[in-house]
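In what follows, a single structure is set out as structure tokens and then discussed.
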Amino acid sequence: MTTDTAGGRAPGAGSVAVTAALSAFLLGLSIAGFWAVRVAERDRLTAAALQATFSLHDQVRIARPAGPLALQDVIERFEADSVVSVAIIGPGGRVVAGSDPAERGLPVVDARLQAALATGEVQAGGSGGSFEAFVPVRHLRGLGHRWRKLLPPLHGLAHDGPPGDGPPPPDPWGPGFGDVVVRIGLDAGGSWLWTWVWAQGLASAAVVAALWIWLARSRRTAALLAAAESGRRRREVLARLGEVSAVLAHEIRNPIAAAKGQVQLAAEAAAAGSAGPAIAGRLDVAVAEVGRVEALVRGLLDYARDRPLARARTTAGALVDAGVGHAGVPRARVEVAGDLEIAIHADGAQLGRALGNVLANAVEAAGGAGRVRVEVSEAAGAVRIAVEDSGPGVPDDLADRVFDPFVTGRVHGVGLGLAVARDVVEAHGGTLSADRSEALGGARFDLVLPRGGS
């Protein structure tokens, strides 16, 4: 696992895997904590509801209410921890008595009530700070309680007064007294467990966020350090190359110029009849080869020299015109599109020469019948000048090195034009990149320049 960012190395796949695993563990721990607290709170509140039901049973047994109104009075005076409401639901699903008198006689439509009647088990749940438990009376039998003791005397609940001398009225509960359900409403808020689990969840989220931020910053820092190191090494190489180029140009420039002049004179004499045609052909080749050496020396001098920027206000159209002129091609040979009036603060001469180098490559790659297109656009405060051609495109083996010095795909190329162009563009705070042209099928070079410089 590589984590040394001081040397420009980004955290490797091992660091990402460890961070992801630790994040998953912390998030899983938080989810498990929420689930455990939810279960624990549900069990606690259910136990509190049962305890409240037992307390209500005891108070009703002691008071022995003689009718629904008396039972209502007992319930209204009933108090227990966390209990906010109590209601007794008869077999017909209607409220017989409760802490809210307005509910009396109203039907209760609740899936938990139906489940309690069907299974005979306590059904509980809720959301937010409220919690309700439906406790079937028959459930108390399984807890060692006599369900008929919950609401004695049964026949006395048929009317509001004490039983008369005549036969007792019909049992209001009917034969299904075992289907009576006590509904207990509880206040579920204020538990320290929820405070703890939320604090733990937020802490885990903060740790996970900090881990990923650290990883992203480490990778970014490593990338910046690597780029800086690469730039430093390139500058060192270029500095040595500049020294060699300056010495080379100084030592051979004058002898080459003299040789070229003598060869030209010989060629003129041969053309005038003083020498045979074979001698003239050989002299032509010699002139061409000397011209190549001269171009190499000129390119070396141009690449190695210092180029301070002389910024001034210009336009994208002026840069394109300067580039076409520097490339030495007719204006009609290049298709131009886009907004040429975009203003830019830059060194027009150097950028024109850089664009000319790119255009010269595009024209040569496209050939006499091919197309060369320049498109100017603006986005996010930057000017983009795209140069496209219909040639074969950048060879795959040169794609990563096309801007390096002395790298060229041309037969007689020197390999310094694109390197010089990149240095000029980067000196302006821009970028120069190569790709394949979707429109023309050849190469595409994008010069992206900040409008105000850098």
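Note on naming: chains are A, B, ... as they come in the structure tokens, residues start from 1 per chain, ligands start from 1 in the order shown.
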Please give the complete set of residues from segment 278-391 of chain A that DSSP, run on the backbone, assigns to strand (DSSP E or B), formatted as number ranges by chain. A: 312-315, 335-338, 343-346, 372-379, 382-389
Can I get the selection written as a compact mmCIF listing (two decimals), in the first residue's frame, with N, CA and C atoms?
```txt
# COMPACT_ATOMS: atom_id res chain seq x y z
N ALA A 312 -0.51 42.23 -24.73
CA ALA A 312 -1.30 43.37 -25.20
C ALA A 312 -2.66 42.84 -25.61
N ARG A 313 -3.60 43.76 -25.77
CA ARG A 313 -4.93 43.34 -26.15
C ARG A 313 -4.96 42.98 -27.63
N THR A 314 -5.49 41.80 -27.91
CA THR A 314 -5.63 41.35 -29.29
C THR A 314 -6.93 40.57 -29.40
N THR A 315 -7.19 40.00 -30.55
CA THR A 315 -8.40 39.23 -30.76
C THR A 315 -8.05 37.84 -31.26
N GLU A 335 -10.04 26.66 -43.34
CA GLU A 335 -11.42 27.01 -42.99
C GLU A 335 -11.44 27.57 -41.56
N VAL A 336 -12.10 28.72 -41.39
CA VAL A 336 -12.15 29.38 -40.09
C VAL A 336 -13.60 29.54 -39.68
N ALA A 337 -13.92 29.19 -38.43
CA ALA A 337 -15.28 29.31 -37.91
C ALA A 337 -15.21 29.80 -36.47
N GLY A 338 -16.36 30.31 -36.00
CA GLY A 338 -16.43 30.76 -34.61
C GLY A 338 -16.38 32.27 -34.49
N ALA A 343 -11.87 38.93 -27.39
CA ALA A 343 -10.67 39.65 -26.98
C ALA A 343 -9.85 38.80 -26.02
N ILE A 344 -8.53 38.96 -26.11
CA ILE A 344 -7.62 38.23 -25.24
C ILE A 344 -6.39 39.09 -24.98
N HIS A 345 -5.90 39.05 -23.76
CA HIS A 345 -4.71 39.81 -23.37
C HIS A 345 -3.52 38.85 -23.40
N ALA A 346 -2.70 38.96 -24.45
CA ALA A 346 -1.62 38.00 -24.63
C ALA A 346 -0.55 38.58 -25.54
N VAL A 372 -8.26 21.63 -43.64
CA VAL A 372 -7.74 22.13 -42.37
C VAL A 372 -8.75 23.14 -41.85
N ARG A 373 -9.14 22.98 -40.61
CA ARG A 373 -10.21 23.82 -40.07
C ARG A 373 -9.77 24.38 -38.72
N VAL A 374 -10.06 25.66 -38.50
CA VAL A 374 -9.80 26.34 -37.23
C VAL A 374 -11.14 26.83 -36.68
N GLU A 375 -11.43 26.48 -35.45
CA GLU A 375 -12.68 26.91 -34.82
C GLU A 375 -12.37 27.60 -33.50
N VAL A 376 -12.95 28.79 -33.32
CA VAL A 376 -12.74 29.59 -32.11
C VAL A 376 -14.01 29.58 -31.29
N SER A 377 -13.88 29.32 -29.99
CA SER A 377 -15.04 29.33 -29.10
C SER A 377 -14.60 29.84 -27.73
N GLU A 378 -15.59 30.09 -26.88
CA GLU A 378 -15.31 30.62 -25.54
C GLU A 378 -16.14 29.83 -24.53
N ALA A 379 -15.52 29.51 -23.39
CA ALA A 379 -16.23 28.78 -22.33
C ALA A 379 -15.51 29.03 -21.02
N ALA A 382 -12.40 31.27 -20.83
CA ALA A 382 -11.22 30.87 -21.59
C ALA A 382 -11.55 30.84 -23.07
N VAL A 383 -10.53 31.02 -23.90
CA VAL A 383 -10.68 30.97 -25.35
C VAL A 383 -10.10 29.65 -25.84
N ARG A 384 -10.88 28.94 -26.65
CA ARG A 384 -10.43 27.66 -27.20
C ARG A 384 -10.25 27.83 -28.71
N ILE A 385 -9.06 27.54 -29.20
CA ILE A 385 -8.77 27.55 -30.64
C ILE A 385 -8.45 26.11 -31.03
N ALA A 386 -9.35 25.50 -31.78
CA ALA A 386 -9.20 24.11 -32.19
C ALA A 386 -8.71 24.05 -33.63
N VAL A 387 -7.64 23.30 -33.88
CA VAL A 387 -7.09 23.12 -35.22
C VAL A 387 -7.29 21.65 -35.59
N GLU A 388 -8.07 21.40 -36.66
CA GLU A 388 -8.38 20.05 -37.09
C GLU A 388 -7.94 19.84 -38.53
N ASP A 389 -7.58 18.60 -38.84
CA ASP A 389 -7.21 18.28 -40.23
C ASP A 389 -7.79 16.93 -40.59
```
Please provide as a VMD selection string all residues within 9 Å of Glu76 of chain A, with the sequence filter that same-chain residues fewer than 6 positions apart are discarded (counting only C-alpha atoms). chain A and resid 86 98 to 101
Write out, as a PDB file, in the first residue's frame, the residues just selected, with N, CA and C atoms.
```pdb
ATOM      1  N   VAL A  86     -55.533   6.570  27.597  1.00  0.00           N
ATOM      2  CA  VAL A  86     -56.021   5.223  27.872  1.00  0.00           C
ATOM      3  C   VAL A  86     -57.405   5.101  27.255  1.00  0.00           C
ATOM      4  N   GLY A  98     -62.639   6.054  27.997  1.00  0.00           N
ATOM      5  CA  GLY A  98     -61.262   6.448  27.723  1.00  0.00           C
ATOM      6  C   GLY A  98     -60.935   7.791  28.331  1.00  0.00           C
ATOM      7  N   SER A  99     -59.649   8.124  28.270  1.00  0.00           N
ATOM      8  CA  SER A  99     -59.213   9.401  28.832  1.00  0.00           C
ATOM      9  C   SER A  99     -59.735  10.571  28.025  1.00  0.00           C
ATOM     10  N   ASP A 100     -60.116  10.327  26.790  1.00  0.00           N
ATOM     11  CA  ASP A 100     -60.731  11.365  25.969  1.00  0.00           C
ATOM     12  C   ASP A 100     -62.217  11.038  25.849  1.00  0.00           C
ATOM     13  N   PRO A 101     -63.109  11.744  26.593  1.00  0.00           N
ATOM     14  CA  PRO A 101     -64.541  11.420  26.551  1.00  0.00           C
ATOM     15  C   PRO A 101     -65.138  11.525  25.159  1.00  0.00           C
TER      16      PRO A 101
END
```
Could you pull out all residues of segment 6-148 of chain A with a DSSP call of alpha helix (DSSP H) and give them as a PDB file with C-alpha atoms, in the first residue's frame?
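So selection_23.pdb came out as:
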```pdb
ATOM      1  CA  ALA A  13      -5.526   0.838  -4.290  1.00  0.00           C
ATOM      2  CA  GLY A  14      -4.734  -0.543  -0.840  1.00  0.00           C
ATOM      3  CA  SER A  15      -5.439   2.827   0.781  1.00  0.00           C
ATOM      4  CA  VAL A  16      -8.727   3.130  -1.078  1.00  0.00           C
ATOM      5  CA  ALA A  17      -9.731  -0.410  -0.061  1.00  0.00           C
ATOM      6  CA  VAL A  18      -8.865   0.189   3.605  1.00  0.00           C
ATOM      7  CA  THR A  19     -10.741   3.507   3.624  1.00  0.00           C
ATOM      8  CA  ALA A  20     -13.773   1.915   1.968  1.00  0.00           C
ATOM      9  CA  ALA A  21     -13.726  -1.015   4.408  1.00  0.00           C
ATOM     10  CA  LEU A  22     -13.427   1.279   7.442  1.00  0.00           C
ATOM     11  CA  SER A  23     -16.215   3.493   6.097  1.00  0.00           C
ATOM     12  CA  ALA A  24     -18.458   0.478   5.554  1.00  0.00           C
ATOM     13  CA  PHE A  25     -17.709  -0.753   9.083  1.00  0.00           C
ATOM     14  CA  LEU A  26     -18.529   2.604  10.690  1.00  0.00           C
ATOM     15  CA  LEU A  27     -21.703   3.048   8.657  1.00  0.00           C
ATOM     16  CA  GLY A  28     -22.734  -0.537   9.434  1.00  0.00           C
ATOM     17  CA  LEU A  29     -22.078   0.094  13.106  1.00  0.00           C
ATOM     18  CA  SER A  30     -24.309   3.167  12.998  1.00  0.00           C
ATOM     19  CA  ILE A  31     -27.100   1.278  11.216  1.00  0.00           C
ATOM     20  CA  ALA A  32     -26.841  -1.580  13.707  1.00  0.00           C
ATOM     21  CA  GLY A  33     -26.955   0.942  16.569  1.00  0.00           C
ATOM     22  CA  PHE A  34     -30.143   2.524  15.221  1.00  0.00           C
ATOM     23  CA  TRP A  35     -31.735  -0.895  14.771  1.00  0.00           C
ATOM     24  CA  ALA A  36     -30.715  -2.062  18.268  1.00  0.00           C
ATOM     25  CA  VAL A  37     -31.987   1.116  19.923  1.00  0.00           C
ATOM     26  CA  ARG A  38     -35.240   0.872  17.997  1.00  0.00           C
ATOM     27  CA  VAL A  39     -35.761  -2.701  19.191  1.00  0.00           C
ATOM     28  CA  ALA A  40     -34.761  -1.834  22.765  1.00  0.00           C
ATOM     29  CA  GLU A  41     -37.085   1.186  22.855  1.00  0.00           C
ATOM     30  CA  ARG A  42     -39.948  -0.848  21.436  1.00  0.00           C
ATOM     31  CA  ASP A  43     -39.438  -3.503  24.115  1.00  0.00           C
ATOM     32  CA  ARG A  44     -39.164  -0.876  26.841  1.00  0.00           C
ATOM     33  CA  LEU A  45     -42.333   0.916  25.785  1.00  0.00           C
ATOM     34  CA  THR A  46     -44.226  -2.339  25.353  1.00  0.00           C
ATOM     35  CA  ALA A  47     -43.245  -3.345  28.884  1.00  0.00           C
ATOM     36  CA  ALA A  48     -44.362   0.078  30.130  1.00  0.00           C
ATOM     37  CA  ALA A  49     -47.726  -0.389  28.396  1.00  0.00           C
ATOM     38  CA  LEU A  50     -48.234  -3.769  30.050  1.00  0.00           C
ATOM     39  CA  GLN A  51     -47.273  -2.328  33.418  1.00  0.00           C
ATOM     40  CA  ALA A  52     -49.789   0.493  32.910  1.00  0.00           C
ATOM     41  CA  THR A  53     -52.448  -2.071  32.005  1.00  0.00           C
ATOM     42  CA  PHE A  54     -51.795  -3.984  35.231  1.00  0.00           C
ATOM     43  CA  SER A  55     -52.028  -0.739  37.227  1.00  0.00           C
ATOM     44  CA  LEU A  56     -55.317   0.089  35.521  1.00  0.00           C
ATOM     45  CA  HIS A  57     -56.563  -3.406  36.366  1.00  0.00           C
ATOM     46  CA  ASP A  58     -55.760  -2.888  40.017  1.00  0.00           C
ATOM     47  CA  GLN A  59     -57.458   0.523  40.192  1.00  0.00           C
ATOM     48  CA  VAL A  60     -60.596  -0.743  38.420  1.00  0.00           C
ATOM     49  CA  ARG A  61     -60.732  -3.807  40.693  1.00  0.00           C
ATOM     50  CA  ILE A  62     -60.494  -1.574  43.777  1.00  0.00           C
ATOM     51  CA  ALA A  63     -63.033   0.995  42.512  1.00  0.00           C
ATOM     52  CA  PRO A  68     -69.667   3.162  31.997  1.00  0.00           C
ATOM     53  CA  LEU A  69     -69.694   6.650  33.511  1.00  0.00           C
ATOM     54  CA  ALA A  70     -68.082   5.412  36.697  1.00  0.00           C
ATOM     55  CA  LEU A  71     -65.511   3.497  34.623  1.00  0.00           C
ATOM     56  CA  GLN A  72     -64.878   6.696  32.661  1.00  0.00           C
ATOM     57  CA  ASP A  73     -64.237   8.519  35.938  1.00  0.00           C
ATOM     58  CA  VAL A  74     -61.725   5.852  37.021  1.00  0.00           C
ATOM     59  CA  ILE A  75     -59.863   6.136  33.716  1.00  0.00           C
ATOM     60  CA  GLU A  76     -59.788   9.930  33.828  1.00  0.00           C
ATOM     61  CA  ALA A 111     -54.593  -2.582  11.792  1.00  0.00           C
ATOM     62  CA  ARG A 112     -52.872  -3.159  15.114  1.00  0.00           C
ATOM     63  CA  LEU A 113     -56.237  -3.552  16.846  1.00  0.00           C
ATOM     64  CA  GLN A 114     -57.264  -6.171  14.291  1.00  0.00           C
ATOM     65  CA  ALA A 115     -53.942  -7.986  14.756  1.00  0.00           C
ATOM     66  CA  ALA A 116     -54.367  -7.949  18.540  1.00  0.00           C
ATOM     67  CA  LEU A 117     -57.855  -9.447  18.257  1.00  0.00           C
ATOM     68  CA  ALA A 118     -56.684 -12.072  15.765  1.00  0.00           C
ATOM     69  CA  THR A 119     -53.579 -13.231  17.637  1.00  0.00           C
TER      70      THR A 119
END
```
Which residues are near Gly356 of chain A? Cut-off 10 Å, only C-alpha atoms, ignore same chain within fewer than 6 positions. Put them as a PyMOL selection string. chain A and resi 319-329+350+362+417-418+421
For Glu364 of chain A, list every protein, DNA or RNA residue within 12 Å, evaluated using only C-alpha atoms, and leave out those in the same chain fewer than 3 positions away; present the list as an mmCIF file with N, CA and C atoms, in the first residue's frame.
```cif
data_model
loop_
_atom_site.group_PDB
_atom_site.id
_atom_site.type_symbol
_atom_site.label_atom_id
_atom_site.label_comp_id
_atom_site.auth_asym_id
_atom_site.auth_seq_id
_atom_site.Cartn_x
_atom_site.Cartn_y
_atom_site.Cartn_z
ATOM 1 N N ALA A 327 2.567 30.083 -40.705
ATOM 2 C CA ALA A 327 2.621 28.764 -41.332
ATOM 3 C C ALA A 327 2.964 28.846 -42.807
ATOM 4 N N GLY A 328 2.789 30.036 -43.413
ATOM 5 C CA GLY A 328 3.135 30.197 -44.815
ATOM 6 C C GLY A 328 2.168 29.538 -45.763
ATOM 7 N N VAL A 329 0.882 29.519 -45.418
ATOM 8 C CA VAL A 329 -0.127 28.912 -46.290
ATOM 9 C C VAL A 329 -1.133 29.986 -46.678
ATOM 10 N N ARG A 333 -6.719 28.437 -47.767
ATOM 11 C CA ARG A 333 -6.430 27.012 -47.524
ATOM 12 C C ARG A 333 -7.002 26.540 -46.185
ATOM 13 N N ASN A 357 2.889 27.027 -35.969
ATOM 14 C CA ASN A 357 3.521 25.711 -35.923
ATOM 15 C C ASN A 357 2.483 24.599 -35.994
ATOM 16 N N VAL A 358 1.388 24.779 -35.238
ATOM 17 C CA VAL A 358 0.329 23.766 -35.259
ATOM 18 C C VAL A 358 -0.327 23.700 -36.633
ATOM 19 N N LEU A 359 -0.590 24.872 -37.232
ATOM 20 C CA LEU A 359 -1.217 24.900 -38.560
ATOM 21 C C LEU A 359 -0.317 24.275 -39.618
ATOM 22 N N ALA A 360 0.989 24.526 -39.541
ATOM 23 C CA ALA A 360 1.913 23.953 -40.513
ATOM 24 C C ALA A 360 1.873 22.426 -40.460
ATOM 25 N N ASN A 361 1.837 21.886 -39.250
ATOM 26 C CA ASN A 361 1.717 20.433 -39.114
ATOM 27 C C ASN A 361 0.413 19.939 -39.715
ATOM 28 N N GLY A 367 -2.327 17.212 -46.569
ATOM 29 C CA GLY A 367 -1.974 17.086 -47.978
ATOM 30 C C GLY A 367 -2.666 18.149 -48.814
ATOM 31 N N GLY A 368 -2.396 18.107 -50.115
ATOM 32 C CA GLY A 368 -2.922 19.149 -50.991
ATOM 33 C C GLY A 368 -4.424 19.149 -51.102
ATOM 34 N N ALA A 369 -5.067 17.985 -51.081
ATOM 35 C CA ALA A 369 -6.525 17.898 -51.255
ATOM 36 C C ALA A 369 -7.265 17.805 -49.927
ATOM 37 N N GLY A 370 -6.554 17.795 -48.816
ATOM 38 C CA GLY A 370 -7.206 17.637 -47.522
ATOM 39 C C GLY A 370 -7.755 18.949 -46.981
ATOM 40 N N ARG A 371 -8.432 18.826 -45.860
ATOM 41 C CA ARG A 371 -9.058 19.996 -45.219
ATOM 42 C C ARG A 371 -8.356 20.319 -43.905
ATOM 43 N N VAL A 372 -8.260 21.632 -43.641
ATOM 44 C CA VAL A 372 -7.744 22.130 -42.370
ATOM 45 C C VAL A 372 -8.749 23.141 -41.849
ATOM 46 N N ASP A 389 -7.583 18.604 -38.843
ATOM 47 C CA ASP A 389 -7.213 18.280 -40.227
ATOM 48 C C ASP A 389 -7.793 16.931 -40.595
ATOM 49 N N SER A 390 -7.780 16.661 -41.912
ATOM 50 C CA SER A 390 -8.329 15.403 -42.426
ATOM 51 C C SER A 390 -7.235 14.389 -42.710
ATOM 52 N N GLY A 391 -6.071 14.578 -42.110
ATOM 53 C CA GLY A 391 -4.963 13.670 -42.341
ATOM 54 C C GLY A 391 -5.099 12.369 -41.573
ATOM 55 N N PRO A 392 -3.998 11.628 -41.449
ATOM 56 C CA PRO A 392 -4.057 10.323 -40.777
ATOM 57 C C PRO A 392 -4.155 10.406 -39.265
ATOM 58 N N GLY A 393 -3.969 11.578 -38.687
ATOM 59 C CA GLY A 393 -4.019 11.707 -37.237
ATOM 60 C C GLY A 393 -2.677 11.432 -36.595
ATOM 61 N N GLY A 409 6.452 12.839 -36.559
ATOM 62 C CA GLY A 409 6.009 11.788 -37.465
ATOM 63 C C GLY A 409 6.260 12.143 -38.914
ATOM 64 N N ARG A 410 6.873 13.301 -39.184
ATOM 65 C CA ARG A 410 7.168 13.753 -40.546
ATOM 66 C C ARG A 410 8.529 13.226 -40.978
ATOM 67 N N VAL A 411 8.659 12.975 -42.272
ATOM 68 C CA VAL A 411 9.905 12.410 -42.794
ATOM 69 C C VAL A 411 11.068 13.362 -42.598
ATOM 70 N N HIS A 412 10.852 14.630 -42.906
ATOM 71 C CA HIS A 412 11.928 15.615 -42.791
ATOM 72 C C HIS A 412 11.675 16.594 -41.650
ATOM 73 N N GLY A 413 10.858 16.202 -40.685
ATOM 74 C CA GLY A 413 10.552 17.095 -39.577
ATOM 75 C C GLY A 413 11.669 17.141 -38.554
ATOM 76 N N GLY A 442 -8.940 13.367 -38.808
ATOM 77 C CA GLY A 442 -7.501 13.421 -38.582
ATOM 78 C C GLY A 442 -7.169 13.793 -37.158
ATOM 79 N N ALA A 443 -6.189 14.696 -37.013
ATOM 80 C CA ALA A 443 -5.771 15.139 -35.685
ATOM 81 C C ALA A 443 -6.530 16.400 -35.284
#
```
